[in-house]
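Here is the structure we will look at, set down as structure tokens.
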Amino acid sequence: MGNDVRLLAAAFDPAALLGAFTAELPHAGGVVSFLGQVRAGEGVEALELRHYEPLTLPAMCDLAKRVRGRWDLDGLLIVHRSGTMMPGEPIVLVAAAARHRRDAFAAADYAMDHLKSESWFWKRERRDGQWHWIEPREQDFEDIARWG
Amino acid sequence: MGNDVRLLAAAFDPAALLGAFTAELPHAGGVVSFLGQVRAGEGVEALELRHYEPLTLPAMCDLAKRVRGRWDLDGLLIVHRSGTMMPGEPIVLVAAAARHRRDAFAAADYAMDHLKSESWFWKRERRDGQWHWIEPREQDFEDIARWG
Amino acid sequence: MRAKLVFLGRLEDVAGRAGEDIAASAPLDWYDVIGWLGGHFPPELADAVVSEKVRVAINGALVADKYELVLADGDELAFLPPVSGG
Amino acid sequence: MRAKLVFLGRLEDVAGRAGEDIAASAPLDWYDVIGWLGGHFPPELADAVVSEKVRVAINGALVADKYELVLADGDELAFLPPVSGG
């Protein structure tokens, strides 16, 4: 199965996407998924992700190819939102299916670290009616450095 | 949210369980899941997992408590089948929700390693009409040794 | 006294059944149980359960040292071969 | 020649808009572009885009060394501040 990489401007249903992804992969022993969502209850009223069409999706596709080259996978799904999202709404879904559990875990983990720190998204959040741009976090660089 | 630990004798829908789990956790930034299913296409006609009622579910609950004590999670779901399963059918679903992505990945990974190598399940598979018991694999002991 | 034996995993196949009721005039220790198995089942069963790899549980509690166990009235003794993993 | 400038992330807020068409009688180098920005936008925009942390892309391809770029007719030049991560 090829890579399924999507950049979506509207809300998506992670359970439905994951169910469809898995249904096509009865040969895979294991599927690891990561779902990232806008955290509720921390004063964030909305989150906006901006992207740059000519760069963002092509870079996500390149990342998917790198992940496939590094681990032996049966399938890889990368779905990322752009636009404005409300608390509790899904932002990103990554799923890696593999014969071996360790490959699926490592591939999903790697994909998330690189999506978070290297993808062409600019993020701001609204608190008390004011939008604030989010700066890169040191933790993201540390996460990505793990992979050498 | 408490731990949700289930030992099921009949087929389950992983996407529906995962969707319900996530819907209750809008405060979690990330949810990592692992789905293990009977591999299709390798000559296995059926898989049977036997368990021992007084040990199996209590040990799964103990594992869940250990995972919660080790990482800062918002929720933990562990679902395991017993009985006879067909190729492509789900065997196990683990989901860990956390504020921080790394905690969710590590918790799900640890839970799977320990479920696989320490849980009270005895497994056999049917090939060419004959049932064969599955022996423990060296890889499982290596996986679990990673956690010290 | 009456107790119950439970054979898990491949031991069920060796025994030919999942469990067996056992009756005796007094509590049984490990060697009594093995002797009883030898008298009621194919010899492969007693050979299998004496393996270090087979653990036992009484009433759902793992027994640390099976050579020390005492089976009393109403107990359930389970023979647990290595779990399958993977 | 005519080209298009695109301001991403917080640069859009500094510029006050997401993009701008630029017209000139000849291809522009990096310093020409900065000068043009200085003449058409608040000074904070030119100050921001000269930062080492701001990368640029021409027609969707990242430019390795922005001091070497040449903007020609029909090009789209994007200013890319650091991505947000996490």
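For the structure tokens, the naming scheme is as follows: chains receive sequential letters (A, B, ...) according to their order of presentation, residues are indexed from 1 within each chain, and ligands are indexed from 1 in presentation order.
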
Do you have, as CSV, the list of residues of chain B lying at most 10 Å from chain A, each with its nearest atom pair and that distance in Å to one decimal, counting only C-alpha atoms and ordered by chain then number?
```
residue,atom,partner,partner_atom,distance
B:Asp13,CA,A:Gly19,CA,8.7
B:Pro14,CA,A:Gly19,CA,7.6
B:Ala15,CA,A:Ala15,CA,5.0
B:Ala16,CA,A:Ala15,CA,6.8
B:Leu17,CA,A:Ala15,CA,8.8
B:Leu18,CA,A:Ala15,CA,6.7
B:Gly19,CA,A:Ala15,CA,5.2
B:Ala20,CA,A:Ala15,CA,9.0
B:Thr22,CA,A:Leu35,CA,9.0
B:Ala23,CA,A:Gly88,CA,8.2
B:Glu24,CA,A:Gly88,CA,9.6
B:Leu25,CA,A:Gly88,CA,8.0
B:Pro26,CA,A:Gly88,CA,4.5
B:His27,CA,A:Ala40,CA,4.6
B:Ala28,CA,A:Arg39,CA,5.9
B:Gly29,CA,A:Arg39,CA,5.1
B:Gly30,CA,A:Gly36,CA,4.4
B:Val31,CA,A:Leu35,CA,5.1
B:Val32,CA,A:Phe34,CA,4.5
B:Ser33,CA,A:Ser33,CA,5.2
B:Phe34,CA,A:Val32,CA,4.5
B:Leu35,CA,A:Val31,CA,5.1
B:Gly36,CA,A:Gly30,CA,4.4
B:Gln37,CA,A:Gly29,CA,5.4
B:Val38,CA,A:Gly29,CA,6.3
B:Arg39,CA,A:His27,CA,4.8
B:Ala40,CA,A:His27,CA,4.6
B:Gly41,CA,A:His27,CA,6.2
B:Glu42,CA,A:His27,CA,8.1
B:Pro87,CA,A:Pro26,CA,7.1
B:Gly88,CA,A:Pro26,CA,4.5
B:Glu89,CA,A:Pro26,CA,8.0
B:Pro90,CA,A:Gly29,CA,9.4
B:Ile91,CA,A:Gly29,CA,9.6
B:Val92,CA,A:Gly30,CA,9.3
B:Leu93,CA,A:Val31,CA,9.5
B:Val94,CA,A:Val32,CA,9.4
B:Ala95,CA,A:Ser33,CA,9.1
B:Ala96,CA,A:Phe34,CA,9.7
B:Ala97,CA,A:Leu35,CA,9.2
B:Ala98,CA,A:Gly36,CA,10.0
B:Arg99,CA,A:Arg39,CA,8.0
B:His100,CA,A:Gly36,CA,9.8
B:Arg101,CA,A:Gly36,CA,8.2
B:Arg102,CA,A:Asp109,CA,8.5
B:Ala104,CA,A:Phe34,CA,8.8
B:Phe105,CA,A:Asp109,CA,7.2
B:Ala106,CA,A:Phe105,CA,9.4
B:Ala108,CA,A:Phe105,CA,9.1
B:Asp109,CA,A:Phe105,CA,7.2
B:Met112,CA,A:Arg101,CA,8.8
B:Asp113,CA,A:Arg101,CA,9.2
B:Asp143,CA,A:Arg102,CA,8.7
```

Distance table requested - chain D against chain A, cut-off 9 Å, only C-alpha atoms: one row per qualifying residue with the closest atom pair and its distance in Å to one decimal, ordered by chain and rising residue number, as JSON lines.
```
{"residue": "D:Leu8", "atom": "CA", "partner": "A:Tyr52", "partner_atom": "CA", "distance": 7.3}
{"residue": "D:Gly9", "atom": "CA", "partner": "A:Trp122", "partner_atom": "CA", "distance": 5.1}
{"residue": "D:Arg10", "atom": "CA", "partner": "A:Trp133", "partner_atom": "CA", "distance": 6.7}
{"residue": "D:Ala57", "atom": "CA", "partner": "A:Leu55", "partner_atom": "CA", "distance": 8.6}
{"residue": "D:Asn59", "atom": "CA", "partner": "A:Pro54", "partner_atom": "CA", "distance": 7.3}
{"residue": "D:Gly60", "atom": "CA", "partner": "A:Pro54", "partner_atom": "CA", "distance": 4.7}
{"residue": "D:Ala61", "atom": "CA", "partner": "A:Leu55", "partner_atom": "CA", "distance": 7.5}
{"residue": "D:Leu62", "atom": "CA", "partner": "A:Leu55", "partner_atom": "CA", "distance": 8.6}
{"residue": "D:Ala78", "atom": "CA", "partner": "A:Tyr52", "partner_atom": "CA", "distance": 8.6}
{"residue": "D:Leu80", "atom": "CA", "partner": "A:Trp120", "partner_atom": "CA", "distance": 8.5}
{"residue": "D:Pro81", "atom": "CA", "partner": "A:Trp122", "partner_atom": "CA", "distance": 8.3}
{"residue": "D:Pro82", "atom": "CA", "partner": "A:Pro136", "partner_atom": "CA", "distance": 7.2}
{"residue": "D:Val83", "atom": "CA", "partner": "A:Trp122", "partner_atom": "CA", "distance": 5.3}
{"residue": "D:Ser84", "atom": "CA", "partner": "A:Pro136", "partner_atom": "CA", "distance": 4.5}
{"residue": "D:Gly85", "atom": "CA", "partner": "A:Ser117", "partner_atom": "CA", "distance": 4.5}
{"residue": "D:Gly86", "atom": "CA", "partner": "A:Lys116", "partner_atom": "CA", "distance": 5.3}
```

Export of prior selection with C-alpha atoms as a short mmCIF file (atom, residue, chain, number, x, y, z; two decimals), in the first residue's frame:
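The result, stored in again.cif:
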```cif
data_model
loop_
_atom_site.label_atom_id
_atom_site.label_comp_id
_atom_site.auth_asym_id
_atom_site.auth_seq_id
_atom_site.Cartn_x
_atom_site.Cartn_y
_atom_site.Cartn_z
CA LEU D 8 3.81 33.61 6.06
CA GLY D 9 3.00 33.27 9.73
CA ARG D 10 3.57 36.35 11.85
CA ALA D 57 11.36 30.09 -1.29
CA ASN D 59 8.10 29.19 -6.67
CA GLY D 60 7.92 26.67 -3.80
CA ALA D 61 11.63 25.78 -3.83
CA LEU D 62 13.68 26.74 -0.80
CA ALA D 78 7.73 33.51 -0.05
CA LEU D 80 9.06 31.84 5.80
CA PRO D 81 9.58 32.58 9.48
CA PRO D 82 10.45 29.66 11.81
CA VAL D 83 7.71 27.06 11.96
CA SER D 84 5.86 26.74 15.23
CA GLY D 85 6.40 23.14 16.17
CA GLY D 86 4.61 21.47 19.09
#
```

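In this model, the gap between CA of Glu45 (chain A) and CA of Arg126 (chain A) comes to 5.4 Å.
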
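We find CA of Trp36 (chain C) and CA of Val50 (chain C) to be spaced 13.0 Å apart.
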
Write down as a PDB file with N, CA and C atoms, in the first residue's frame the residues of region 46-82 of chain C whose backbone DSSP state falls under alpha helix (DSSP H).
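And here's states-v2.pdb as it stands now:
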```pdb
ATOM      1  N   ALA C  46       2.328 -35.622  34.145  1.00  0.00           N
ATOM      2  CA  ALA C  46       3.167 -35.423  35.343  1.00  0.00           C
ATOM      3  C   ALA C  46       4.568 -34.952  34.936  1.00  0.00           C
ATOM      4  N   ASP C  47       5.095 -35.533  33.858  1.00  0.00           N
ATOM      5  CA  ASP C  47       6.411 -35.102  33.357  1.00  0.00           C
ATOM      6  C   ASP C  47       6.401 -33.609  33.015  1.00  0.00           C
ATOM      7  N   ALA C  48       5.307 -33.170  32.410  1.00  0.00           N
ATOM      8  CA  ALA C  48       5.226 -31.770  31.970  1.00  0.00           C
ATOM      9  C   ALA C  48       5.097 -30.820  33.171  1.00  0.00           C
ATOM     10  N   VAL C  49       4.245 -31.143  34.122  1.00  0.00           N
ATOM     11  CA  VAL C  49       3.992 -30.162  35.184  1.00  0.00           C
ATOM     12  C   VAL C  49       5.150 -30.042  36.166  1.00  0.00           C
TER      13      VAL C  49
END
```

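All residues in chain C with a DSSP state of strand (DSSP E or B), computed from the backbone, read Arg2, Ala3, Lys4, Leu5, Val6, Phe7, Gly19, Glu20, Asp21, Ile22, Ala23, Leu28, Asp29, Arg55, Val56, Ala57, Ile58, Ala61, Leu62, Val70, Leu71, Glu76, Leu77, Ala78, Phe79 and Leu80 of chain C.
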
Closest of C:Pro42, C:Glu20, C:Phe79, C:Gly35 to Arg2 (chain C) - atom-to-atom distances counting only C-alpha atoms: C:Glu20

Could you work out how far CA of Ser51 (chain D) lies from CA of Trp131 (chain A), giving the answer in Å with one decimal? 22.9 Å

With only C-alpha atoms as the counted atoms, please give the residues lying no more than 9 Å from Glu68 (chain C), apart from itself and same-chain residues fewer than 3 positions off, as number ranges by chain. C: 29-30, 63-65

Mind writing the picked residues with N, CA, C and O atoms as a compact mmCIF listing (two decimals), in the first residue's frame?
```txt
# COMPACT_ATOMS: atom_id res chain seq x y z
N ASP C 29 0.12 -32.46 49.43
CA ASP C 29 1.26 -31.60 49.10
C ASP C 29 1.61 -31.82 47.62
O ASP C 29 0.95 -32.58 46.91
N TRP C 30 2.65 -31.12 47.17
CA TRP C 30 3.01 -31.15 45.75
C TRP C 30 3.26 -32.58 45.25
O TRP C 30 2.79 -32.97 44.18
N VAL C 63 1.75 -19.31 43.22
CA VAL C 63 2.49 -19.93 44.31
C VAL C 63 3.98 -19.73 44.05
O VAL C 63 4.49 -20.06 42.97
N ALA C 64 4.67 -19.12 45.02
CA ALA C 64 6.08 -18.79 44.81
C ALA C 64 6.92 -20.07 44.69
O ALA C 64 7.78 -20.18 43.82
N ASP C 65 6.67 -21.03 45.55
CA ASP C 65 7.45 -22.27 45.54
C ASP C 65 6.47 -23.45 45.54
O ASP C 65 5.86 -23.75 46.57
```
